[in-house]
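What follows is the content of my_file-v7.cif (mmCIF, C-alpha atoms).
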data_coords
#
loop_
_atom_site.group_PDB
_atom_site.id
_atom_site.type_symbol
_atom_site.label_atom_id
_atom_site.label_comp_id
_atom_site.auth_asym_id
_atom_site.auth_seq_id
_atom_site.Cartn_x
_atom_site.Cartn_y
_atom_site.Cartn_z
ATOM 1 C CA MET A 9 -13.125 17.304 -0.198
ATOM 2 C CA PRO A 10 -11.779 13.752 -0.089
ATOM 3 C CA THR A 11 -12.471 10.950 2.335
ATOM 4 C CA LEU A 12 -9.517 9.057 3.804
ATOM 5 C CA TYR A 13 -9.664 5.558 5.247
ATOM 6 C CA ALA A 14 -6.707 4.999 7.581
ATOM 7 C CA ALA A 15 -5.953 1.521 8.940
ATOM 8 C CA LEU A 16 -4.024 1.643 12.213
ATOM 9 C CA ASP A 17 -2.871 -1.221 14.433
ATOM 10 C CA ASP A 18 -6.210 -1.851 16.120
ATOM 11 C CA ARG A 19 -8.738 0.496 14.544
ATOM 12 C CA LEU A 20 -9.795 2.037 11.255
ATOM 13 C CA LEU A 21 -10.373 5.778 11.036
ATOM 14 C CA VAL A 22 -12.608 7.552 8.528
ATOM 15 C CA VAL A 23 -11.254 11.058 7.956
ATOM 16 C CA ARG A 24 -13.460 13.486 6.060
ATOM 17 C CA GLY A 25 -12.647 16.961 4.844
ATOM 18 C CA GLY A 26 -15.198 19.762 4.864
ATOM 19 C CA THR A 27 -15.591 23.514 4.914
ATOM 20 C CA ASP A 28 -14.919 23.514 8.653
ATOM 21 C CA GLY A 29 -11.780 21.362 8.417
ATOM 22 C CA TRP A 30 -11.097 17.667 8.917
ATOM 23 C CA ARG A 31 -12.903 15.207 11.176
ATOM 24 C CA ALA A 32 -11.812 11.684 12.121
ATOM 25 C CA THR A 33 -14.210 8.981 13.256
ATOM 26 C CA ALA A 34 -13.224 5.554 14.558
ATOM 27 C CA ALA A 35 -15.181 3.237 12.276
ATOM 28 C CA LEU A 36 -14.087 -0.308 13.033
ATOM 29 C CA GLY A 37 -12.307 -1.272 16.229
ATOM 30 C CA GLY A 38 -11.403 -4.511 17.902
ATOM 31 C CA HIS A 39 -9.364 -5.971 15.036
ATOM 32 C CA ARG A 40 -5.724 -6.022 13.985
ATOM 33 C CA PHE A 41 -5.446 -4.444 10.557
ATOM 34 C CA GLU A 42 -3.205 -5.158 7.581
ATOM 35 C CA CYS A 43 -4.630 -3.127 4.680
ATOM 36 C CA VAL A 44 -7.487 -0.979 3.374
ATOM 37 C CA ALA A 45 -8.820 -0.120 -0.088
ATOM 38 C CA ALA A 46 -11.581 1.908 -1.724
ATOM 39 C CA ALA A 47 -12.238 3.445 -5.148
ATOM 40 C CA SER A 48 -13.250 6.951 -6.165
ATOM 41 C CA ASP A 49 -15.977 5.430 -8.370
ATOM 42 C CA ALA A 50 -17.596 3.914 -5.262
ATOM 43 C CA PRO A 51 -16.234 5.962 -2.338
ATOM 44 C CA GLU A 52 -18.685 4.643 0.260
ATOM 45 C CA ARG A 53 -17.604 1.027 -0.354
ATOM 46 C CA VAL A 54 -14.444 0.253 1.600
ATOM 47 C CA PHE A 55 -12.587 -2.983 2.329
ATOM 48 C CA ALA A 56 -10.313 -3.661 5.299
ATOM 49 C CA GLY A 57 -8.073 -6.712 5.655
ATOM 50 C CA THR A 58 -7.499 -8.049 9.154
ATOM 51 C CA VAL A 59 -5.325 -10.562 10.961
ATOM 52 C CA GLU A 60 -8.063 -12.559 12.648
ATOM 53 C CA ALA A 61 -11.388 -11.512 11.070
ATOM 54 C CA GLY A 62 -10.796 -11.935 7.350
ATOM 55 C CA LEU A 63 -12.023 -9.225 4.984
ATOM 56 C CA GLN A 64 -14.400 -6.577 6.299
ATOM 57 C CA ARG A 65 -16.600 -4.527 3.951
ATOM 58 C CA SER A 66 -18.631 -1.376 4.464
ATOM 59 C CA THR A 67 -21.020 -0.037 1.832
ATOM 60 C CA ASP A 68 -21.951 3.115 3.750
ATOM 61 C CA GLY A 69 -18.627 4.833 4.284
ATOM 62 C CA GLY A 70 -17.710 2.996 7.446
ATOM 63 C CA GLU A 71 -20.990 3.268 9.349
ATOM 64 C CA THR A 72 -21.623 -0.500 9.328
ATOM 65 C CA TRP A 73 -19.447 -3.483 8.470
ATOM 66 C CA GLU A 74 -19.801 -7.108 7.456
ATOM 67 C CA SER A 75 -17.392 -9.976 6.931
ATOM 68 C CA VAL A 76 -17.209 -11.044 3.268
ATOM 69 C CA GLY A 77 -15.389 -13.682 1.276
ATOM 70 C CA GLY A 78 -15.205 -16.316 3.968
ATOM 71 C CA PHE A 79 -11.472 -15.832 4.513
ATOM 72 C CA ASP A 80 -9.955 -17.795 7.382
ATOM 73 C CA ASP A 81 -6.410 -16.667 6.573
ATOM 74 C CA ARG A 82 -4.833 -13.328 7.379
ATOM 75 C CA VAL A 83 -5.876 -10.815 4.679
ATOM 76 C CA THR A 84 -2.725 -8.858 3.875
ATOM 77 C CA ALA A 85 -3.620 -7.040 0.636
ATOM 78 C CA VAL A 86 -6.773 -5.679 -0.972
ATOM 79 C CA THR A 87 -7.131 -3.698 -4.198
ATOM 80 C CA VAL A 88 -10.147 -2.350 -6.063
ATOM 81 C CA SER A 89 -9.698 -2.496 -9.834
ATOM 82 C CA PRO A 90 -9.220 0.912 -11.488
ATOM 83 C CA HIS A 91 -11.282 -0.401 -14.406
ATOM 84 C CA ASP A 92 -14.359 -1.552 -12.499
ATOM 85 C CA PRO A 93 -15.082 -0.842 -8.808
ATOM 86 C CA GLY A 94 -17.013 -4.106 -8.654
ATOM 87 C CA VAL A 95 -13.819 -6.098 -9.197
ATOM 88 C CA VAL A 96 -11.843 -6.604 -5.995
ATOM 89 C CA TRP A 97 -8.549 -8.440 -5.526
ATOM 90 C CA VAL A 98 -7.402 -9.926 -2.217
ATOM 91 C CA GLY A 99 -4.066 -11.346 -1.088
ATOM 92 C CA THR A 100 -3.565 -13.516 1.965
ATOM 93 C CA GLU A 101 -1.066 -15.236 4.217
ATOM 94 C CA PRO A 102 -0.008 -17.879 3.211
ATOM 95 C CA SER A 103 0.452 -16.315 -0.219
ATOM 96 C CA ALA A 104 -2.663 -16.611 -2.360
ATOM 97 C CA VAL A 105 -4.694 -14.286 -4.591
ATOM 98 C CA TYR A 106 -8.484 -14.140 -4.897
ATOM 99 C CA ARG A 107 -10.769 -12.171 -7.219
ATOM 100 C CA SER A 108 -14.331 -10.916 -6.804
ATOM 101 C CA ALA A 109 -16.514 -9.712 -9.679
ATOM 102 C CA ASP A 110 -19.467 -8.730 -7.491
ATOM 103 C CA ALA A 111 -18.041 -5.979 -5.252
ATOM 104 C CA GLY A 112 -16.747 -8.427 -2.676
ATOM 105 C CA ALA A 113 -19.846 -10.546 -2.122
ATOM 106 C CA THR A 114 -18.051 -13.680 -3.326
ATOM 107 C CA PHE A 115 -14.451 -14.488 -4.211
ATOM 108 C CA ALA A 116 -12.835 -17.100 -6.412
ATOM 109 C CA PRO A 117 -9.224 -18.247 -5.967
ATOM 110 C CA CYS A 118 -6.745 -17.471 -8.694
ATOM 111 C CA SER A 119 -4.125 -19.963 -9.823
ATOM 112 C CA ASP A 120 -1.943 -21.311 -6.979
ATOM 113 C CA LEU A 121 1.094 -19.116 -6.385
ATOM 114 C CA THR A 122 2.953 -21.670 -4.317
ATOM 115 C CA THR A 123 3.500 -23.995 -7.292
ATOM 116 C CA LEU A 124 5.922 -21.464 -8.793
ATOM 117 C CA PRO A 125 9.596 -22.487 -8.605
ATOM 118 C CA SER A 126 10.653 -19.499 -6.517
ATOM 119 C CA ALA A 127 8.082 -20.289 -3.793
ATOM 120 C CA GLU A 128 10.443 -22.701 -2.057
ATOM 121 C CA ARG A 129 12.538 -19.742 -0.905
ATOM 122 C CA TRP A 130 9.697 -17.402 0.136
ATOM 123 C CA SER A 131 9.784 -16.575 3.845
ATOM 124 C CA TYR A 132 8.595 -13.660 5.971
ATOM 125 C CA PRO A 133 11.285 -13.132 8.650
ATOM 126 C CA PRO A 134 9.031 -12.431 11.681
ATOM 127 C CA ARG A 135 7.080 -15.627 10.849
ATOM 128 C CA SER A 136 9.689 -17.571 8.931
ATOM 129 C CA HIS A 137 7.417 -20.563 8.358
ATOM 130 C CA THR A 138 5.162 -18.511 6.084
ATOM 131 C CA HIS A 139 4.910 -15.589 3.626
ATOM 132 C CA HIS A 140 2.152 -13.393 2.246
ATOM 133 C CA VAL A 141 0.916 -11.185 -0.567
ATOM 134 C CA ARG A 142 1.663 -7.653 0.604
ATOM 135 C CA TRP A 143 0.358 -5.708 -2.434
ATOM 136 C CA ILE A 144 -1.632 -6.171 -5.646
ATOM 137 C CA SER A 145 -1.665 -3.644 -8.508
ATOM 138 C CA ILE A 146 -3.607 -3.725 -11.770
ATOM 139 C CA ASN A 147 -2.249 -2.328 -15.020
ATOM 140 C CA PRO A 148 -4.217 0.905 -15.622
ATOM 141 C CA HIS A 149 -4.672 0.105 -19.328
ATOM 142 C CA ASP A 150 -5.340 -3.647 -19.152
ATOM 143 C CA PRO A 151 -7.434 -5.229 -16.369
ATOM 144 C CA THR A 152 -5.966 -8.674 -17.068
ATOM 145 C CA HIS A 153 -2.404 -7.570 -16.211
ATOM 146 C CA VAL A 154 -1.964 -8.151 -12.472
ATOM 147 C CA TYR A 155 1.192 -7.481 -10.427
ATOM 148 C CA VAL A 156 1.736 -9.105 -7.027
ATOM 149 C CA ALA A 157 4.263 -8.342 -4.294
ATOM 150 C CA VAL A 158 5.165 -11.325 -2.127
ATOM 151 C CA GLU A 159 6.717 -10.482 1.240
ATOM 152 C CA ALA A 160 9.250 -11.870 1.285
ATOM 153 C CA GLY A 161 10.246 -13.578 -1.888
ATOM 154 C CA ALA A 162 9.083 -12.372 -5.264
ATOM 155 C CA PHE A 163 7.490 -10.003 -7.725
ATOM 156 C CA LEU A 164 4.882 -11.952 -9.700
ATOM 157 C CA ARG A 165 2.710 -11.057 -12.676
ATOM 158 C CA SER A 166 -0.227 -12.424 -14.590
ATOM 159 C CA LEU A 167 -1.278 -11.446 -18.104
ATOM 160 C CA ASP A 168 -4.587 -13.306 -17.987
ATOM 161 C CA GLY A 169 -6.334 -12.081 -14.865
ATOM 162 C CA GLY A 170 -4.761 -14.584 -12.485
ATOM 163 C CA GLU A 171 -5.335 -17.713 -14.554
ATOM 164 C CA THR A 172 -1.570 -18.221 -14.784
ATOM 165 C CA TRP A 173 1.432 -16.528 -13.180
ATOM 166 C CA THR A 174 4.893 -15.615 -14.397
ATOM 167 C CA ASP A 175 7.465 -16.302 -11.723
ATOM 168 C CA HIS A 176 9.907 -13.829 -10.239
ATOM 169 C CA PRO A 177 11.875 -12.146 -13.070
ATOM 170 C CA GLU A 178 15.615 -11.746 -13.048
ATOM 171 C CA GLY A 179 16.500 -8.458 -11.370
ATOM 172 C CA GLY A 180 13.206 -7.986 -9.539
ATOM 173 C CA ARG A 181 13.180 -7.070 -5.858
ATOM 174 C CA ARG A 182 12.348 -9.884 -3.442
ATOM 175 C CA ASP A 183 11.190 -8.215 -0.207
ATOM 176 C CA ASN A 184 8.392 -6.255 -1.875
ATOM 177 C CA HIS A 185 6.169 -4.019 0.260
ATOM 178 C CA THR A 186 4.271 -1.603 -1.991
ATOM 179 C CA LEU A 187 3.675 -1.499 -5.744
ATOM 180 C CA ALA A 188 2.400 1.396 -7.830
ATOM 181 C CA VAL A 189 1.327 1.989 -11.424
ATOM 182 C CA HIS A 190 0.349 5.137 -13.322
ATOM 183 C CA PRO A 191 -2.106 5.684 -16.220
ATOM 184 C CA ASP A 192 0.380 7.913 -18.066
ATOM 185 C CA ALA A 193 3.091 5.227 -17.939
ATOM 186 C CA PRO A 194 1.086 2.019 -18.484
ATOM 187 C CA CYS A 195 4.039 -0.372 -18.714
ATOM 188 C CA ARG A 196 5.873 1.020 -15.694
ATOM 189 C CA VAL A 197 5.666 -0.642 -12.295
ATOM 190 C CA TYR A 198 7.232 0.943 -9.219
ATOM 191 C CA THR A 199 8.182 -1.089 -6.140
ATOM 192 C CA ALA A 200 9.223 -0.174 -2.603
ATOM 193 C CA ALA A 201 11.056 -3.111 -1.076
ATOM 194 C CA GLY A 202 13.171 -4.049 1.884
ATOM 195 C CA ASP A 203 16.014 -4.695 -0.537
ATOM 196 C CA GLY A 204 15.645 -1.266 -2.132
ATOM 197 C CA TYR A 205 13.579 0.788 -4.558
ATOM 198 C CA ALA A 206 13.166 -0.312 -8.190
ATOM 199 C CA GLU A 207 11.190 0.406 -11.355
ATOM 200 C CA THR A 208 10.437 -1.633 -14.442
ATOM 201 C CA PRO A 209 9.597 0.169 -17.709
ATOM 202 C CA ASP A 210 8.205 -2.966 -19.382
ATOM 203 C CA CYS A 211 5.854 -4.699 -16.916
ATOM 204 C CA GLY A 212 8.647 -6.601 -15.189
ATOM 205 C CA ASP A 213 10.884 -7.793 -18.020
ATOM 206 C CA THR A 214 13.777 -5.518 -17.050
ATOM 207 C CA TRP A 215 14.535 -3.446 -13.935
ATOM 208 C CA GLU A 216 16.156 -0.156 -13.035
ATOM 209 C CA TYR A 217 17.410 0.941 -9.613
ATOM 210 C CA PRO A 218 17.437 4.751 -9.292
ATOM 211 C CA ASP A 219 18.891 5.133 -5.801
ATOM 212 C CA GLU A 220 21.201 8.157 -5.872
ATOM 213 C CA GLY A 221 20.430 10.234 -2.803
ATOM 214 C CA LEU A 222 18.308 7.512 -1.205
ATOM 215 C CA ASP A 223 20.418 7.054 1.916
ATOM 216 C CA HIS A 224 18.027 4.632 3.613
ATOM 217 C CA ARG A 225 17.423 1.506 1.564
ATOM 218 C CA TYR A 226 14.705 -0.332 3.506
ATOM 219 C CA VAL A 227 11.812 1.167 1.538
ATOM 220 C CA TRP A 228 8.206 0.733 2.648
ATOM 221 C CA GLY A 229 5.670 3.374 1.583
ATOM 222 C CA LEU A 230 5.263 4.472 -2.034
ATOM 223 C CA ALA A 231 3.027 6.873 -3.940
ATOM 224 C CA VAL A 232 3.209 8.461 -7.407
ATOM 225 C CA ASP A 233 1.825 11.888 -8.256
ATOM 226 C CA ALA A 234 -1.544 11.473 -9.983
ATOM 227 C CA GLY A 235 -0.560 14.129 -12.516
ATOM 228 C CA ASP A 236 3.078 13.169 -13.136
ATOM 229 C CA PRO A 237 4.532 9.642 -13.305
ATOM 230 C CA GLU A 238 8.022 11.058 -12.728
ATOM 231 C CA THR A 239 7.218 12.398 -9.251
ATOM 232 C CA VAL A 240 7.605 9.582 -6.743
ATOM 233 C CA VAL A 241 7.497 9.672 -2.930
ATOM 234 C CA VAL A 242 8.750 6.875 -0.659
ATOM 235 C CA SER A 243 9.277 6.218 3.036
ATOM 236 C CA ALA A 244 12.465 4.484 4.100
ATOM 237 C CA SER A 245 14.568 3.396 7.055
ATOM 238 C CA ASP A 246 17.842 1.612 7.772
ATOM 239 C CA GLY A 247 16.044 -1.655 8.386
ATOM 240 C CA ALA A 248 12.867 -3.393 9.463
ATOM 241 C CA ARG A 249 13.244 -2.649 13.164
ATOM 242 C CA SER A 250 13.703 1.104 12.703
ATOM 243 C CA ALA A 251 10.832 1.117 10.215
ATOM 244 C CA HIS A 252 8.176 -0.654 12.280
ATOM 245 C CA TRP A 253 9.120 -0.896 15.961
ATOM 246 C CA LEU A 254 8.061 2.019 18.131
ATOM 247 C CA ASP A 255 10.907 1.586 20.603
ATOM 248 C CA SER A 256 13.568 2.048 17.906
ATOM 249 C CA ALA A 257 11.683 3.868 15.133
ATOM 250 C CA GLU A 258 13.554 6.183 12.795
ATOM 251 C CA ALA A 259 12.037 6.744 9.382
ATOM 252 C CA TYR A 260 12.344 9.241 6.537
ATOM 253 C CA VAL A 261 10.396 10.396 3.489
ATOM 254 C CA TYR A 262 12.086 11.044 0.136
ATOM 255 C CA ARG A 263 10.878 12.435 -3.173
ATOM 256 C CA ARG A 264 12.167 12.345 -6.749
ATOM 257 C CA ASP A 265 10.835 14.133 -9.834
ATOM 258 C CA GLY A 266 11.642 14.562 -13.497
ATOM 259 C CA ASP A 267 13.869 17.566 -12.847
ATOM 260 C CA SER A 268 16.493 15.477 -11.050
ATOM 261 C CA ASP A 269 17.796 11.934 -11.048
ATOM 262 C CA ARG A 270 18.449 12.209 -7.320
ATOM 263 C CA TRP A 271 16.209 11.513 -4.376
ATOM 264 C CA SER A 272 15.955 14.301 -1.820
ATOM 265 C CA LEU A 273 14.603 14.323 1.713
ATOM 266 C CA ALA A 274 10.986 15.499 1.882
ATOM 267 C CA MET A 275 10.658 16.106 5.620
ATOM 268 C CA ASP A 276 9.504 19.739 5.763
ATOM 269 C CA GLY A 277 6.528 19.703 8.128
ATOM 270 C CA LEU A 278 6.853 16.021 9.051
ATOM 271 C CA PRO A 279 7.836 14.874 12.558
ATOM 272 C CA ASP A 280 11.420 14.282 13.572
ATOM 273 C CA PRO A 281 12.535 10.913 12.125
ATOM 274 C CA GLU A 282 13.591 9.602 15.542
ATOM 275 C CA GLY A 283 10.560 7.975 17.124
ATOM 276 C CA THR A 284 8.581 8.019 13.862
ATOM 277 C CA THR A 285 7.639 4.806 12.073
ATOM 278 C CA ARG A 286 7.759 4.470 8.283
ATOM 279 C CA ALA A 287 4.980 6.384 6.570
ATOM 280 C CA THR A 288 2.190 4.738 4.658
ATOM 281 C CA LEU A 289 1.726 6.986 1.608
ATOM 282 C CA ALA A 290 -1.121 7.728 -0.782
ATOM 283 C CA ALA A 291 -1.641 10.143 -3.666
ATOM 284 C CA GLY A 292 -4.704 12.351 -4.040
ATOM 285 C CA ASP A 293 -5.242 14.925 -6.775
ATOM 286 C CA PRO A 294 -2.242 16.040 -8.872
ATOM 287 C CA CYS A 295 0.552 17.371 -6.619
ATOM 288 C CA GLU A 296 -1.300 16.067 -3.541
ATOM 289 C CA PHE A 297 -0.004 13.408 -1.150
ATOM 290 C CA TYR A 298 -0.953 12.004 2.242
ATOM 291 C CA ALA A 299 1.342 10.348 4.801
ATOM 292 C CA LEU A 300 0.220 8.208 7.743
ATOM 293 C CA THR A 301 2.609 7.550 10.655
ATOM 294 C CA ASN A 302 2.388 6.865 14.386
ATOM 295 C CA ARG A 303 2.541 10.665 14.813
ATOM 296 C CA GLY A 304 -0.597 11.386 12.800
ATOM 297 C CA LEU A 305 -1.828 12.084 9.298
ATOM 298 C CA PHE A 306 -0.071 14.613 7.072
ATOM 299 C CA HIS A 307 -1.042 16.345 3.835
ATOM 300 C CA SER A 308 0.984 17.938 1.029
ATOM 301 C CA THR A 309 -0.349 20.064 -1.813
ATOM 302 C CA ASP A 310 3.024 20.825 -3.428
ATOM 303 C CA ALA A 311 4.131 17.347 -4.529
ATOM 304 C CA ALA A 312 5.644 16.468 -1.135
ATOM 305 C CA ARG A 313 7.955 19.449 -0.916
ATOM 306 C CA SER A 314 6.221 20.407 2.331
ATOM 307 C CA TRP A 315 3.634 18.877 4.649
ATOM 308 C CA ASP A 316 0.953 19.947 7.116
ATOM 309 C CA ARG A 317 -0.479 17.814 9.909
ATOM 310 C CA LEU A 318 -4.222 17.332 9.594
ATOM 311 C CA ASP A 319 -5.913 18.733 12.683
ATOM 312 C CA VAL A 320 -7.959 15.701 13.725
ATOM 313 C CA ASP A 321 -8.370 13.767 16.956
ATOM 314 C CA TRP A 322 -5.644 11.142 17.012
ATOM 315 C CA PRO A 323 -5.111 8.125 19.286
ATOM 316 C CA GLU A 324 -2.015 9.032 21.283
ATOM 317 C CA GLU A 325 -1.899 6.159 23.779
ATOM 318 C CA PRO A 326 -0.986 3.626 22.753
ATOM 319 C CA GLN A 327 0.682 4.998 19.660
ATOM 320 C CA GLN A 328 -0.672 3.472 16.468
ATOM 321 C CA VAL A 329 1.357 2.379 13.452
ATOM 322 C CA GLY A 330 -0.290 2.941 10.069
ATOM 323 C CA TRP A 331 -0.879 -0.114 7.853
ATOM 324 C CA GLY A 332 -3.074 1.186 5.065
ATOM 325 C CA LEU A 333 -4.343 4.450 3.623
ATOM 326 C CA ALA A 334 -6.991 4.938 0.919
ATOM 327 C CA VAL A 335 -7.995 8.339 -0.512
ATOM 328 C CA VAL A 336 -11.293 8.716 -2.395
#

Is it possible to give me this structure as structure tokens?
Amino acid sequence: MPTLYAALDDRLLVVRGGTDGWRATAALGGHRFECVAAASDAPERVFAGTVEAGLQRSTDGGETWESVGGFDDRVTAVTVSPHDPGVVWVGTEPSAVYRSADAGATFAPCSDLTTLPSAERWSYPPRSHTHHVRWISINPHDPTHVYVAVEAGAFLRSLDGGETWTDHPEGGRRDNHTLAVHPDAPCRVYTAAGDGYAETPDCGDTWEYPDEGLDHRYVWGLAVDAGDPETVVVSASDGARSAHWLDSAEAYVYRRDGDSDRWSLAMDGLPDPEGTTRATLAAGDPCEFYALTNRGLFHSTDAARSWDRLDVDWPEEPQQVGWGLAVV
């Protein structure tokens, strides 16, 4: 059974499956969280990015934690390389990318993002004086190909492991939230963005915008079926306020597969959209997805056609918005 690391507003939960069901344990409290990452090749090593305490690392599945990397800035993105679990990528606010080759013990800065021409227009609306790296993905066939989502402002890419960066391509989304890649489609990059969903078939050179049936265009969560690069699941709302704010939340989940060019609602078993924040999504085994919202943690074994709520203790008061979800 898998282990799930779920980053909520002010705590991180470790959720483990077993023969007697699922059990959630609060592993790291007292911080404000932005992201979480782990790798199946090293499932007990987990990284959590925070607002005020830099990057936290556990090497024993969440039992103990230590601060690593010496980050003073808000850590807004963390990714473990699919090629080597000892290689860890971190994104911060203000927008910068760092790389570790020793499982997070030390980090080196990559080339400066803010020298790129498009950086003069980057701005994150709630804190308009700044911007941040919201997501980092690594090409599954080439560890030197790195894709970066800047919120809000750009899709960036490097073909040399962060030594140099190619600036925002024509047609790319600007308010990028989540990126995804797939080993069976090595040149494809998927992006969920505030200005809509998009895909590139050629690592960012050109872009496509399959949006038929996607009635809510502020897209946040994104996951791709581990066994099928054509099956994509996203969470979406009318705008940022209905996506993130508990007092006006209204969010939906959609799916699309190779049998149809249209998106369709994938809400069977999920809570009513009204009062539900946008889901943070993650893929497990083929046909398996997980969704994290303020209403709990949900599991699908039929490629997001239907969902079941995991029966675990859940913090009800105050309600918690999900910021990161890792499945190992």

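The neighbours of Asp267 (chain A) here are the residues that come within 12 Å of it, using only C-alpha atoms and leaving out any residue fewer than 4 positions away in the same chain; they are Asp236, Glu238, Thr239, Val240, Arg263, Trp271 and Ser272 of chain A.
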
With the PyMOL selection byres ((chain A and resi 163-168) around 8) as the selection, what would be picked from this file? Answer as a PyMOL selection string, please.
chain A and resi 152-158+161-162+169-177+180-182+184+212

One decimal, Å: what's the distance from CA of Gly94 (chain A) over to CA of Glu52 (chain A), could you say?
12.6 Å

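The interatomic distance for the pair CA of Gln64 (chain A) and CA of Phe297 (chain A) works out to 25.7 Å.
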
Could you check how far CA of Ala111 (chain A) sits from CA of Gly78 (chain A), in Å to one decimal?
14.1 Å

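Under the PyMOL selection byres ((chain A and resi 43) around 6), the matching residues in the shown file are A:Glu42, A:Val44, A:Ala56, A:Gly57, A:Ala85, A:Trp331, A:Gly332.
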
Given the file shown, enumerate the residues that the PyMOL selection byres ((chain A and resi 140) around 12) captures and present them as an MDAnalysis selection string.
chainID A and resid 42 59 81:85 98:105 121:122 127 130:139 141:144 156:163 183:185

Which residues come within 9 Å of Gly277 (chain A), counting all atoms listed in the file, excluding same-chain residues fewer than 6 positions away, as a JSON list (two decimals) with C-alpha atoms, in the coordinates of the input?
[["chain", "number", "residue", "atom", "x", "y", "z"],
["A", 306, "PHE", "CA", -0.07, 14.61, 7.07],
["A", 314, "SER", "CA", 6.22, 20.41, 2.33],
["A", 315, "TRP", "CA", 3.63, 18.88, 4.65],
["A", 316, "ASP", "CA", 0.95, 19.95, 7.12],
["A", 317, "ARG", "CA", -0.48, 17.81, 9.91]]

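For the choices A:Asp319, A:Asp49, A:Glu282, A:Glu128, the atom-to-atom distance to Asp255 (chain A) is smallest for A:Glu282 when using only C-alpha atoms.
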
Could the centre and edge lengths of an axis-aligned box, enclosing all atoms of region 311-316 of chain A in the file with 5 Å extra on each side, be given in Å to one decimal as lines of an AutoDock Vina configuration file?
center_x = 4.5
center_y = 18.4
center_z = 1.3
size_x = 17.0
size_y = 13.9
size_z = 21.6

Rank A:Tyr205, A:Phe55, A:Tyr217, A:Tyr13 by their smallest atom-to-atom distance to Thr33 (chain A), using only C-alpha atoms, and report the top residue only.
A:Tyr13

In the coordinate frame of the file, compute which residues have an atom within 6 Å of (-11.8, -11.3, -0.2) when using only C-alpha atoms, and state them as an MDAnalysis selection string.
chainID A and resid 63 77 98 115

Report as a ChimeraX atom specification all protein, DNA and RNA residues lying within 7 Å of Asp210 (chain A), evaluated on only C-alpha atoms, omitting residues in the same chain fewer than 3 positions from it.
/A:195-196,213-214

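If you measure from each of A:Val54, A:Ala287, A:Val23, A:Ala188 to Ala257 (chain A) using all atoms listed in the file, the closest one turns out to be A:Ala287.
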
I'd like the contact shell of Ser256 (chain A) - 12 Å cut-off, all atoms listed in the file, skipping same-chain residues fewer than 2 positions apart - returned as a count of residues only.
18

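Minimum distance to Gly112 (chain A) across A:Arg129, A:Arg65, A:Arg40, A:Arg270 (counting all atoms listed in the file) occurs at A:Arg65.
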
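All polymer residues at most 8 Å from (-7.0, 16.2, 13.3), using all atoms listed in the file, appear as Trp30, Arg31, Ala32, Leu305, Arg317, Leu318, Asp319, Val320, Asp321 and Trp322 of chain A.
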
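Compared by their closest atoms to Gly304 (chain A), and using only C-alpha atoms, the residues A:Leu21, A:Leu36, A:Thr11, A:Thr67 rank with A:Leu21 nearest.
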
Need to verify the contact set: Arg313 (chain A), 9 Å, only C-alpha atoms, exclusion of same-chain residues closer than 6 positions in sequence. Can you return it as an mmCIF file with C-alpha atoms, keeping the file's coordinate frame?
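Generated file (selection.cif):
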data_model
loop_
_atom_site.group_PDB
_atom_site.id
_atom_site.type_symbol
_atom_site.label_atom_id
_atom_site.label_comp_id
_atom_site.auth_asym_id
_atom_site.auth_seq_id
_atom_site.Cartn_x
_atom_site.Cartn_y
_atom_site.Cartn_z
ATOM 1 C CA ARG A 263 10.878 12.435 -3.173
ATOM 2 C CA LEU A 273 14.603 14.323 1.713
ATOM 3 C CA ALA A 274 10.986 15.499 1.882
ATOM 4 C CA MET A 275 10.658 16.106 5.620
ATOM 5 C CA ASP A 276 9.504 19.739 5.763
#
